[in-house]
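Have a look at structure.pdb below; it lists PDB, C-alpha atoms, pLDDT in the B column.
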ATOM      1  CA  MET L   1     126.865  74.199  82.504  1.00 53.00           C
ATOM      2  CA  ILE L   2     124.833  71.088  81.679  1.00 71.00           C
ATOM      3  CA  ARG L   3     121.838  72.401  83.654  1.00 84.00           C
ATOM      4  CA  ILE L   4     121.558  75.492  81.455  1.00 91.00           C
ATOM      5  CA  THR L   5     119.628  74.686  78.278  1.00 92.00           C
ATOM      6  CA  PRO L   6     118.668  76.780  75.234  1.00 92.00           C
ATOM      7  CA  GLU L   7     115.171  76.969  76.718  1.00 93.00           C
ATOM      8  CA  HIS L   8     116.542  78.666  79.824  1.00 93.00           C
ATOM      9  CA  LEU L   9     118.637  81.059  77.743  1.00 94.00           C
ATOM     10  CA  SER L  10     115.611  82.027  75.627  1.00 94.00           C
ATOM     11  CA  ARG L  11     114.056  83.557  78.713  1.00 95.00           C
ATOM     12  CA  ALA L  12     115.358  86.378  80.903  1.00 95.00           C
ATOM     13  CA  ALA L  13     117.761  86.049  83.814  1.00 95.00           C
ATOM     14  CA  ILE L  14     116.831  88.071  86.887  1.00 94.00           C
ATOM     15  CA  VAL L  15     119.416  89.339  89.354  1.00 94.00           C
ATOM     16  CA  TYR L  16     117.766  89.777  92.753  1.00 92.00           C
ATOM     17  CA  VAL L  17     119.486  92.439  94.881  1.00 90.00           C
ATOM     18  CA  ARG L  18     118.656  92.877  98.573  1.00 86.00           C
ATOM     19  CA  GLN L  19     120.179  94.291 101.733  1.00 83.00           C
ATOM     20  CA  SER L  20     118.482  93.980 105.098  1.00 78.00           C
ATOM     21  CA  THR L  21     118.739  97.502 106.533  1.00 80.00           C
ATOM     22  CA  ALA L  22     119.076 101.119 105.434  1.00 80.00           C
ATOM     23  CA  HIS L  23     122.421 101.211 107.261  1.00 79.00           C
ATOM     24  CA  GLN L  24     123.725  98.407 105.049  1.00 81.00           C
ATOM     25  CA  VAL L  25     122.458 100.170 101.940  1.00 81.00           C
ATOM     26  CA  THR L  26     124.368 103.311 102.905  1.00 81.00           C
ATOM     27  CA  ASN L  27     127.559 101.778 104.278  1.00 80.00           C
ATOM     28  CA  ASN L  28     128.000  98.272 102.879  1.00 77.00           C
ATOM     29  CA  LEU L  29     128.598  99.293  99.276  1.00 83.00           C
ATOM     30  CA  GLU L  30     130.869  96.333  98.543  1.00 83.00           C
ATOM     31  CA  SER L  31     127.933  93.955  98.966  1.00 84.00           C
ATOM     32  CA  GLN L  32     125.944  96.020  96.472  1.00 86.00           C
ATOM     33  CA  ARG L  33     128.787  95.867  93.960  1.00 88.00           C
ATOM     34  CA  ARG L  34     128.974  92.086  94.303  1.00 88.00           C
ATOM     35  CA  GLN L  35     125.244  91.719  93.783  1.00 89.00           C
ATOM     36  CA  TYR L  36     125.030  94.037  90.785  1.00 91.00           C
ATOM     37  CA  GLY L  37     128.124  92.277  89.425  1.00 90.00           C
ATOM     38  CA  LEU L  38     125.982  89.176  88.899  1.00 92.00           C
ATOM     39  CA  VAL L  39     124.661  90.844  85.738  1.00 93.00           C
ATOM     40  CA  GLU L  40     128.009  90.182  84.101  1.00 93.00           C
ATOM     41  CA  ARG L  41     128.029  86.599  85.374  1.00 92.00           C
ATOM     42  CA  ALA L  42     124.604  85.990  83.828  1.00 93.00           C
ATOM     43  CA  ARG L  43     125.946  87.237  80.491  1.00 93.00           C
ATOM     44  CA  GLN L  44     128.977  84.954  80.807  1.00 92.00           C
ATOM     45  CA  LEU L  45     126.627  82.018  81.375  1.00 92.00           C
ATOM     46  CA  GLY L  46     124.898  82.807  78.088  1.00 93.00           C
ATOM     47  CA  TRP L  47     121.948  85.080  78.836  1.00 94.00           C
ATOM     48  CA  ASN L  48     121.372  88.064  76.578  1.00 93.00           C
ATOM     49  CA  GLU L  49     118.419  89.490  78.498  1.00 94.00           C
ATOM     50  CA  VAL L  50     119.336  90.243  82.095  1.00 95.00           C
ATOM     51  CA  ARG L  51     117.076  92.196  84.436  1.00 94.00           C
ATOM     52  CA  VAL L  52     117.781  93.538  87.924  1.00 94.00           C
ATOM     53  CA  ILE L  53     115.193  93.674  90.715  1.00 92.00           C
ATOM     54  CA  ASP L  54     116.464  95.863  93.541  1.00 88.00           C
ATOM     55  CA  ASP L  55     113.196  97.100  95.061  1.00 87.00           C
ATOM     56  CA  ASP L  56     114.047  95.363  98.352  1.00 84.00           C
ATOM     57  CA  LEU L  57     117.177  97.307  99.258  1.00 85.00           C
ATOM     58  CA  GLY L  58     116.844  98.072 102.954  1.00 81.00           C
ATOM     59  CA  ARG L  59     114.259  95.330 103.577  1.00 78.00           C
ATOM     60  CA  SER L  60     114.738  92.238 105.702  1.00 73.00           C
ATOM     61  CA  GLY L  61     114.263  88.825 104.133  1.00 63.00           C
ATOM     62  CA  SER L  62     112.649  87.415 107.276  1.00 66.00           C
ATOM     63  CA  GLY L  63     109.043  87.728 106.127  1.00 61.00           C
ATOM     64  CA  ILE L  64     108.081  91.407 105.955  1.00 70.00           C
ATOM     65  CA  GLU L  65     106.445  92.817 102.831  1.00 79.00           C
ATOM     66  CA  ARG L  66     108.927  92.806  99.951  1.00 85.00           C
ATOM     67  CA  PRO L  67     107.645  94.302  96.674  1.00 88.00           C
ATOM     68  CA  GLY L  68     110.764  93.172  94.815  1.00 88.00           C
ATOM     69  CA  PHE L  69     110.300  89.557  95.887  1.00 89.00           C
ATOM     70  CA  GLU L  70     106.630  89.672  94.876  1.00 91.00           C
ATOM     71  CA  LYS L  71     107.657  91.055  91.480  1.00 91.00           C
ATOM     72  CA  LEU L  72     110.162  88.209  91.149  1.00 92.00           C
ATOM     73  CA  LEU L  73     107.545  85.549  91.932  1.00 92.00           C
ATOM     74  CA  ALA L  74     105.105  87.095  89.454  1.00 93.00           C
ATOM     75  CA  ALA L  75     107.701  87.033  86.651  1.00 93.00           C
ATOM     76  CA  ILE L  76     108.561  83.395  87.438  1.00 94.00           C
ATOM     77  CA  CYS L  77     104.893  82.344  87.381  1.00 92.00           C
ATOM     78  CA  GLU L  78     104.472  83.941  83.962  1.00 92.00           C
ATOM     79  CA  GLY L  79     107.232  81.698  82.624  1.00 91.00           C
ATOM     80  CA  ARG L  80     109.445  84.629  81.623  1.00 91.00           C
ATOM     81  CA  VAL L  81     112.444  83.754  83.836  1.00 94.00           C
ATOM     82  CA  GLY L  82     115.127  81.247  82.945  1.00 94.00           C
ATOM     83  CA  ALA L  83     117.237  81.809  86.048  1.00 95.00           C
ATOM     84  CA  VAL L  84     117.297  83.761  89.308  1.00 94.00           C
ATOM     85  CA  LEU L  85     120.731  84.968  90.389  1.00 93.00           C
ATOM     86  CA  SER L  86     121.790  85.972  93.886  1.00 90.00           C
ATOM     87  CA  ILE L  87     125.195  86.029  95.563  1.00 85.00           C
ATOM     88  CA  GLU L  88     123.882  83.559  98.144  1.00 80.00           C
ATOM     89  CA  ALA L  89     120.634  81.729  98.730  1.00 72.00           C
ATOM     90  CA  SER L  90     119.888  83.657 101.931  1.00 69.00           C
ATOM     91  CA  ARG L  91     119.452  86.846  99.869  1.00 73.00           C
ATOM     92  CA  LEU L  92     116.305  85.384  98.345  1.00 82.00           C
ATOM     93  CA  ALA L  93     114.496  84.614 101.617  1.00 76.00           C
ATOM     94  CA  ARG L  94     115.248  84.039 105.289  1.00 71.00           C
ATOM     95  CA  ASN L  95     112.011  82.285 106.190  1.00 75.00           C
ATOM     96  CA  GLY L  96     110.742  78.883 105.156  1.00 74.00           C
ATOM     97  CA  ARG L  97     107.439  80.063 103.706  1.00 81.00           C
ATOM     98  CA  ASP L  98     108.935  82.429 101.128  1.00 83.00           C
ATOM     99  CA  TRP L  99     111.814  80.115 100.337  1.00 82.00           C
ATOM    100  CA  HIS L 100     109.699  77.028  99.645  1.00 84.00           C
ATOM    101  CA  THR L 101     107.203  79.093  97.659  1.00 88.00           C
ATOM    102  CA  LEU L 102     110.061  80.251  95.449  1.00 89.00           C
ATOM    103  CA  LEU L 103     111.371  76.697  95.044  1.00 89.00           C
ATOM    104  CA  GLU L 104     107.916  75.371  94.110  1.00 90.00           C
ATOM    105  CA  PHE L 105     107.364  78.070  91.506  1.00 92.00           C
ATOM    106  CA  CYS L 106     110.831  77.579  90.024  1.00 91.00           C
ATOM    107  CA  GLY L 107     110.316  73.815  89.893  1.00 91.00           C
ATOM    108  CA  VAL L 108     106.961  74.086  88.113  1.00 93.00           C
ATOM    109  CA  VAL L 109     108.138  76.425  85.336  1.00 93.00           C
ATOM    110  CA  ASP L 110     111.736  75.109  85.125  1.00 93.00           C
ATOM    111  CA  THR L 111     113.598  78.180  86.422  1.00 94.00           C
ATOM    112  CA  LEU L 112     117.170  77.734  87.626  1.00 94.00           C
ATOM    113  CA  ILE L 113     118.638  79.269  90.789  1.00 92.00           C
ATOM    114  CA  VAL L 114     122.193  80.552  90.550  1.00 92.00           C
ATOM    115  CA  ASP L 115     124.482  81.761  93.309  1.00 87.00           C
ATOM    116  CA  GLU L 116     128.238  82.150  93.672  1.00 83.00           C
ATOM    117  CA  ASP L 117     128.606  78.436  94.465  1.00 83.00           C
ATOM    118  CA  GLY L 118     126.838  77.003  91.451  1.00 87.00           C
ATOM    119  CA  VAL L 119     123.748  76.491  89.321  1.00 91.00           C
ATOM    120  CA  TYR L 120     120.807  74.591  90.801  1.00 91.00           C
ATOM    121  CA  ASP L 121     117.767  72.986  89.207  1.00 92.00           C
ATOM    122  CA  PRO L 122     114.854  72.956  91.700  1.00 91.00           C
ATOM    123  CA  ARG L 123     113.390  69.950  89.852  1.00 91.00           C
ATOM    124  CA  SER L 124     116.436  67.841  90.720  1.00 91.00           C
ATOM    125  CA  PRO L 125     116.125  66.012  94.074  1.00 90.00           C
ATOM    126  CA  ASN L 126     119.827  66.468  94.821  1.00 90.00           C
ATOM    127  CA  ASP L 127     119.822  70.175  93.979  1.00 89.00           C
ATOM    128  CA  ARG L 128     116.622  70.656  95.937  1.00 87.00           C
ATOM    129  CA  LEU L 129     118.242  68.993  98.945  1.00 87.00           C
ATOM    130  CA  VAL L 130     121.229  71.349  98.772  1.00 86.00           C
ATOM    131  CA  LEU L 131     118.965  74.394  98.398  1.00 85.00           C
ATOM    132  CA  GLY L 132     116.834  73.199 101.308  1.00 81.00           C
ATOM    133  CA  MET L 133     119.891  72.871 103.531  1.00 82.00           C
ATOM    134  CA  LYS L 134     121.030  76.378 102.565  1.00 79.00           C
ATOM    135  CA  ALA L 135     117.601  77.762 103.395  1.00 74.00           C
ATOM    136  CA  THR L 136     117.496  75.974 106.766  1.00 76.00           C
ATOM    137  CA  MET L 137     120.957  77.252 107.699  1.00 74.00           C
ATOM    138  CA  SER L 138     119.986  80.793 106.675  1.00 69.00           C
ATOM    139  CA  GLU L 139     116.802  80.692 108.748  1.00 70.00           C
ATOM    140  CA  MET L 140     118.701  79.287 111.740  1.00 71.00           C
ATOM    141  CA  GLU L 141     121.357  81.996 111.385  1.00 70.00           C
ATOM    142  CA  LEU L 142     118.689  84.710 111.527  1.00 67.00           C
ATOM    143  CA  SER L 143     117.127  83.067 114.584  1.00 70.00           C
ATOM    144  CA  MET L 144     120.504  83.002 116.339  1.00 74.00           C
ATOM    145  CA  PHE L 145     121.115  86.680 115.540  1.00 68.00           C
ATOM    146  CA  ARG L 146     117.733  87.563 117.024  1.00 71.00           C
ATOM    147  CA  GLN L 147     118.327  85.417 120.125  1.00 79.00           C
ATOM    148  CA  ARG L 148     121.723  87.026 120.752  1.00 77.00           C
ATOM    149  CA  SER L 149     120.236  90.497 120.377  1.00 77.00           C
ATOM    150  CA  VAL L 150     117.416  89.786 122.819  1.00 78.00           C
ATOM    151  CA  GLU L 151     119.763  88.250 125.397  1.00 79.00           C
ATOM    152  CA  ALA L 152     122.148  91.220 125.130  1.00 77.00           C
ATOM    153  CA  ARG L 153     119.263  93.605 125.836  1.00 77.00           C
ATOM    154  CA  ARG L 154     118.162  91.493 128.810  1.00 80.00           C
ATOM    155  CA  GLN L 155     121.628  91.579 130.328  1.00 81.00           C
ATOM    156  CA  LYS L 156     121.761  95.339 129.849  1.00 75.00           C
ATOM    157  CA  ALA L 157     118.359  95.654 131.530  1.00 75.00           C
ATOM    158  CA  ARG L 158     119.553  93.561 134.506  1.00 78.00           C
ATOM    159  CA  ARG L 159     122.385  96.046 134.998  1.00 76.00           C
ATOM    160  CA  GLY L 160     119.919  98.939 134.843  1.00 70.00           C
ATOM    161  CA  GLU L 161     121.526 100.312 131.685  1.00 70.00           C
ATOM    162  CA  LEU L 162     118.751  99.725 129.134  1.00 72.00           C
ATOM    163  CA  PHE L 163     116.942 102.957 128.288  1.00 70.00           C
ATOM    164  CA  LEU L 164     114.544 102.646 125.373  1.00 71.00           C
ATOM    165  CA  THR L 165     112.816 105.897 126.296  1.00 75.00           C
ATOM    166  CA  VAL L 166     113.262 108.440 129.065  1.00 76.00           C
ATOM    167  CA  ALA L 167     110.647 110.305 131.059  1.00 77.00           C
ATOM    168  CA  VAL L 168     109.684 113.863 130.229  1.00 82.00           C
ATOM    169  CA  GLY L 169     112.189 116.211 131.833  1.00 79.00           C
ATOM    170  CA  TYR L 170     115.161 113.859 131.480  1.00 80.00           C
ATOM    171  CA  VAL L 171     117.731 113.320 128.737  1.00 79.00           C
ATOM    172  CA  LYS L 172     120.128 110.517 127.875  1.00 76.00           C
ATOM    173  CA  THR L 173     123.803 111.369 128.221  1.00 76.00           C
ATOM    174  CA  GLY L 174     127.044 109.587 127.445  1.00 70.00           C
ATOM    175  CA  GLY L 175     127.713 106.274 129.108  1.00 63.00           C
ATOM    176  CA  ASP L 176     124.038 105.226 129.107  1.00 68.00           C
ATOM    177  CA  ARG L 177     123.125 107.661 131.854  1.00 73.00           C
ATOM    178  CA  ILE L 178     120.071 109.861 132.302  1.00 77.00           C
ATOM    179  CA  GLU L 179     120.055 113.342 133.785  1.00 79.00           C
ATOM    180  CA  ARG L 180     117.572 116.141 134.281  1.00 81.00           C
ATOM    181  CA  THR L 181     117.123 118.237 131.192  1.00 83.00           C
ATOM    182  CA  PRO L 182     119.137 121.482 131.141  1.00 84.00           C
ATOM    183  CA  ASP L 183     116.104 123.269 129.663  1.00 83.00           C
ATOM    184  CA  ARG L 184     114.945 125.528 132.498  1.00 84.00           C
ATOM    185  CA  ARG L 185     111.484 126.073 130.981  1.00 85.00           C
ATOM    186  CA  VAL L 186     110.839 122.328 130.964  1.00 85.00           C
ATOM    187  CA  ARG L 187     112.063 121.899 134.546  1.00 85.00           C
ATOM    188  CA  ASP L 188     109.948 124.830 135.769  1.00 85.00           C
ATOM    189  CA  ALA L 189     106.829 123.502 134.009  1.00 86.00           C
ATOM    190  CA  ILE L 190     107.211 120.065 135.627  1.00 87.00           C
ATOM    191  CA  ALA L 191     107.830 121.616 139.031  1.00 87.00           C
ATOM    192  CA  LEU L 192     104.654 123.661 138.589  1.00 87.00           C
ATOM    193  CA  VAL L 193     102.620 120.505 137.946  1.00 88.00           C
ATOM    194  CA  PHE L 194     103.834 118.902 141.174  1.00 89.00           C
ATOM    195  CA  THR L 195     103.252 122.115 143.117  1.00 90.00           C
ATOM    196  CA  LYS L 196      99.639 122.329 141.910  1.00 87.00           C
ATOM    197  CA  PHE L 197      99.110 118.628 142.612  1.00 90.00           C
ATOM    198  CA  ALA L 198     100.209 119.152 146.226  1.00 89.00           C
ATOM    199  CA  GLU L 199      97.717 122.023 146.418  1.00 87.00           C
ATOM    200  CA  LEU L 200      94.728 120.484 144.574  1.00 87.00           C
ATOM    201  CA  GLN L 201      95.337 116.819 145.526  1.00 87.00           C
ATOM    202  CA  THR L 202      93.929 115.320 142.290  1.00 89.00           C
ATOM    203  CA  VAL L 203      95.355 114.921 138.800  1.00 88.00           C
ATOM    204  CA  ARG L 204      92.039 115.907 137.231  1.00 89.00           C
ATOM    205  CA  GLN L 205      91.968 119.239 139.040  1.00 89.00           C
ATOM    206  CA  VAL L 206      95.547 119.906 137.944  1.00 88.00           C
ATOM    207  CA  LEU L 207      94.565 119.146 134.339  1.00 88.00           C
ATOM    208  CA  VAL L 208      91.537 121.437 134.521  1.00 90.00           C
ATOM    209  CA  TRP L 209      93.640 124.246 135.990  1.00 89.00           C
ATOM    210  CA  VAL L 210      96.371 123.845 133.356  1.00 86.00           C
ATOM    211  CA  ARG L 211      93.809 124.037 130.560  1.00 88.00           C
ATOM    212  CA  GLN L 212      92.061 127.005 132.053  1.00 87.00           C
ATOM    213  CA  GLU L 213      95.341 128.890 132.390  1.00 85.00           C
ATOM    214  CA  GLN L 214      96.509 127.679 128.947  1.00 85.00           C
ATOM    215  CA  ILE L 215      99.892 126.725 130.342  1.00 83.00           C
ATOM    216  CA  PRO L 216     102.089 124.761 127.903  1.00 84.00           C
ATOM    217  CA  LEU L 217     103.515 121.549 129.316  1.00 83.00           C
ATOM    218  CA  PRO L 218     106.397 119.458 127.995  1.00 82.00           C
ATOM    219  CA  ALA L 219     105.675 116.210 126.190  1.00 77.00           C
ATOM    220  CA  SER L 220     107.960 113.537 124.748  1.00 70.00           C
ATOM    221  CA  SER L 221     108.707 114.064 121.089  1.00 64.00           C
ATOM    222  CA  ARG L 222     110.311 111.872 118.438  1.00 56.00           C
ATOM    223  CA  VAL L 223     111.265 114.894 116.388  1.00 48.00           C
ATOM    224  CA  GLY L 224     114.949 115.762 116.403  1.00 44.00           C
ATOM    225  CA  ASN L 225     117.420 113.765 118.454  1.00 46.00           C
ATOM    226  CA  LYS L 226     115.605 110.569 119.355  1.00 44.00           C
ATOM    227  CA  SER L 227     118.255 109.391 121.754  1.00 41.00           C
ATOM    228  CA  SER L 228     118.318 112.560 123.785  1.00 43.00           C
ATOM    229  CA  GLY L 229     114.798 112.319 125.135  1.00 43.00           C
ATOM    230  CA  GLY L 230     114.159 115.916 124.121  1.00 44.00           C
ATOM    231  CA  CYS L 231     111.056 117.551 125.600  1.00 46.00           C
ATOM    232  CA  PRO L 232     109.978 120.603 123.590  1.00 46.00           C
ATOM    233  CA  LEU L 233     107.237 122.666 125.193  1.00 44.00           C
ATOM    234  CA  THR L 234     103.886 122.176 123.591  1.00 44.00           C
ATOM    235  CA  THR L 235     100.410 123.524 124.212  1.00 37.00           C
ATOM    236  CA  ARG L 236      99.142 119.957 124.310  1.00 42.00           C
ATOM    237  CA  SER L 237      98.723 118.683 127.852  1.00 40.00           C
ATOM    238  CA  ILE L 238     100.636 115.633 129.051  1.00 43.00           C
ATOM    239  CA  ILE L 239      97.285 114.021 129.802  1.00 41.00           C
ATOM    240  CA  SER L 240      94.696 114.129 127.064  1.00 40.00           C
TER     241      SER L 240
END
Would it be possible to restate this file's structure as structure tokens?
Amino acid sequence: MIRITPEHLSRAAIVYVRQSTAHQVTNNLESQRRQYGLVERARQLGWNEVRVIDDDLGRSGSGIERPGFEKLLAAICEGRVGAVLSIEASRLARNGRDWHTLLEFCGVVDTLIVDEDGVYDPRSPNDRLVLGMKATMSEMELSMFRQRSVEARRQKARRGELFLTVAVGYVKTGGDRIERTPDRRVRDAIALVFTKFAELQTVRQVLVWVRQEQIPLPASSRVGNKSSGGCPLTTRSIIS
């Protein structure tokens, strides 16, 4: 590779490993193998010192805090990195700010960027153009994914099938349906609240009575099965 010089090889090569979600980390193991396999490619290209930064497994590249990416930038700025390897440019960043920051730093200290397609020198106008196009396509791809997801949720909401949360006393069932909870204690407690409201006529008086009698009322909880809308009884009032 004519772009790789002895000066580059005298410094370390860093393999940057990232997957966007915890689900991918757990289930998409082939992607991990490909990314970690870049260590061997770096050695084939001539590097003796190869480091792996995988702190960002399970983190999106769209702009959230990424300690691994920050560590990568710091190492580049210190002039200790001869090349950054990733299976594709989109693994490095999916937003323009991070991507162009990386390119600027690499260009200043003469750090190469390597992916499965080739070796790029950020100081070269032609290579920078190719890298810029890859970054733009990656950012556009992420925007399209987000747009499709939002539109799918809107269509589901128009059909009345979008349930992000369910009210206390109801649970989500198969087929995106909601039904009254089978927990008799929860149903009786809610019925008691409505009975006292019909008697006392104000929510405040119902709250005062519930506290005086120390009656536990159901409240939504994120503990346990999040999709079921479970409502464990708690001594905390619904209204606080």
(request) Tell me, as a PyMOL selection string, which residues lie within 12 Å of region 118-133 of chain L, counting all atoms listed in the file; anything in the same chain fewer than 3 positions away does not count. (result) chain L and resi 1-5+8+41-42+45+82-90+92-97+99-115+136-140
Compile the contact shell of Leu29 (chain L) as a PDB file with C-alpha atoms, in the coordinates of the input: residues with an atom at most 12 Å away, counting only C-alpha atoms, same-chain residues fewer than 6 positions apart removed.
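Result file result.pdb:
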ATOM      1  CA  ARG L  18     118.656  92.877  98.573  1.00 86.00           C
ATOM      2  CA  GLN L  19     120.179  94.291 101.733  1.00 83.00           C
ATOM      3  CA  ALA L  22     119.076 101.119 105.434  1.00 80.00           C
ATOM      4  CA  HIS L  23     122.421 101.211 107.261  1.00 79.00           C
ATOM      5  CA  GLN L  35     125.244  91.719  93.783  1.00 89.00           C
ATOM      6  CA  TYR L  36     125.030  94.037  90.785  1.00 91.00           C
ATOM      7  CA  LEU L  57     117.177  97.307  99.258  1.00 85.00           C
TER       8      LEU L  57
END
(message) Just the number, please: distance in Å from CA of Ser20 (chain L) to CA of Arg91 (chain L), one decimal.
(response)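 Atom-to-atom, CA of Ser20 (chain L) to CA of Arg91 (chain L), that is 8.9 Å.
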Test item: the PyMOL selection byres ((chain L and resi 170) around 6) resolved as a PDB file with C-alpha atoms, in the coordinates of the input:
ATOM      1  CA  ALA L 167     110.647 110.305 131.059  1.00 77.00           C
ATOM      2  CA  VAL L 168     109.684 113.863 130.229  1.00 82.00           C
ATOM      3  CA  GLY L 169     112.189 116.211 131.833  1.00 79.00           C
ATOM      4  CA  VAL L 171     117.731 113.320 128.737  1.00 79.00           C
ATOM      5  CA  GLU L 179     120.055 113.342 133.785  1.00 79.00           C
ATOM      6  CA  ARG L 180     117.572 116.141 134.281  1.00 81.00           C
ATOM      7  CA  THR L 181     117.123 118.237 131.192  1.00 83.00           C
TER       8      THR L 181
END
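CA of Ser60 (chain L) sits 15.2 Å away from CA of Met144 (chain L).
Between CA of Glu40 (chain L) and CA of Val15 (chain L) there is a distance of 10.1 Å.
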(message) Can you spell out as a list in words the set of residues that the PyMOL selection byres ((chain L and resi 184-194) around 7) selects in the structure I just provided?
(response) Gly169, Pro182, Asp183, Thr195, Lys196, Phe197, Ala198, Leu217, Pro218 and Leu233 of chain L
Write a file of the just-selected residues containing C-alpha atoms, as a CSV table (one decimal), in the frame of the given file.
chain,number,residue,atom,x,y,z
L,169,GLY,CA,112.2,116.2,131.8
L,182,PRO,CA,119.1,121.5,131.1
L,183,ASP,CA,116.1,123.3,129.7
L,195,THR,CA,103.3,122.1,143.1
L,196,LYS,CA,99.6,122.3,141.9
L,197,PHE,CA,99.1,118.6,142.6
L,198,ALA,CA,100.2,119.2,146.2
L,217,LEU,CA,103.5,121.5,129.3
L,218,PRO,CA,106.4,119.5,128.0
L,233,LEU,CA,107.2,122.7,125.2
(request) Could you state which residues are captured by the PyMOL selection byres ((chain L and resi 66-78) around 6) in this file, as an MDAnalysis selection string? (result) chainID L and resid 55:56 65 79:81
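Distances to Gln32 (chain L) were evaluated for L:Asp98, L:Glu199, L:Asp117, L:Asp54 using only C-alpha atoms, and the minimum falls at L:Asp54.
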Axis-aligned box over every listed atom of region 3-10 of chain L, padded by 4 Å per side: centre and edges in Å to one decimal, as AutoDock Vina command-line options?
--center_x 118.5 --center_y 77.2 --center_z 79.4 --size_x 14.7 --size_y 17.6 --size_z 16.4
(message) When you count only C-alpha atoms, which of these residues is closest to Ser10 (chain L): L:Gly174, L:Gly46, L:Gly160, L:Pro216?
(response) L:Gly46
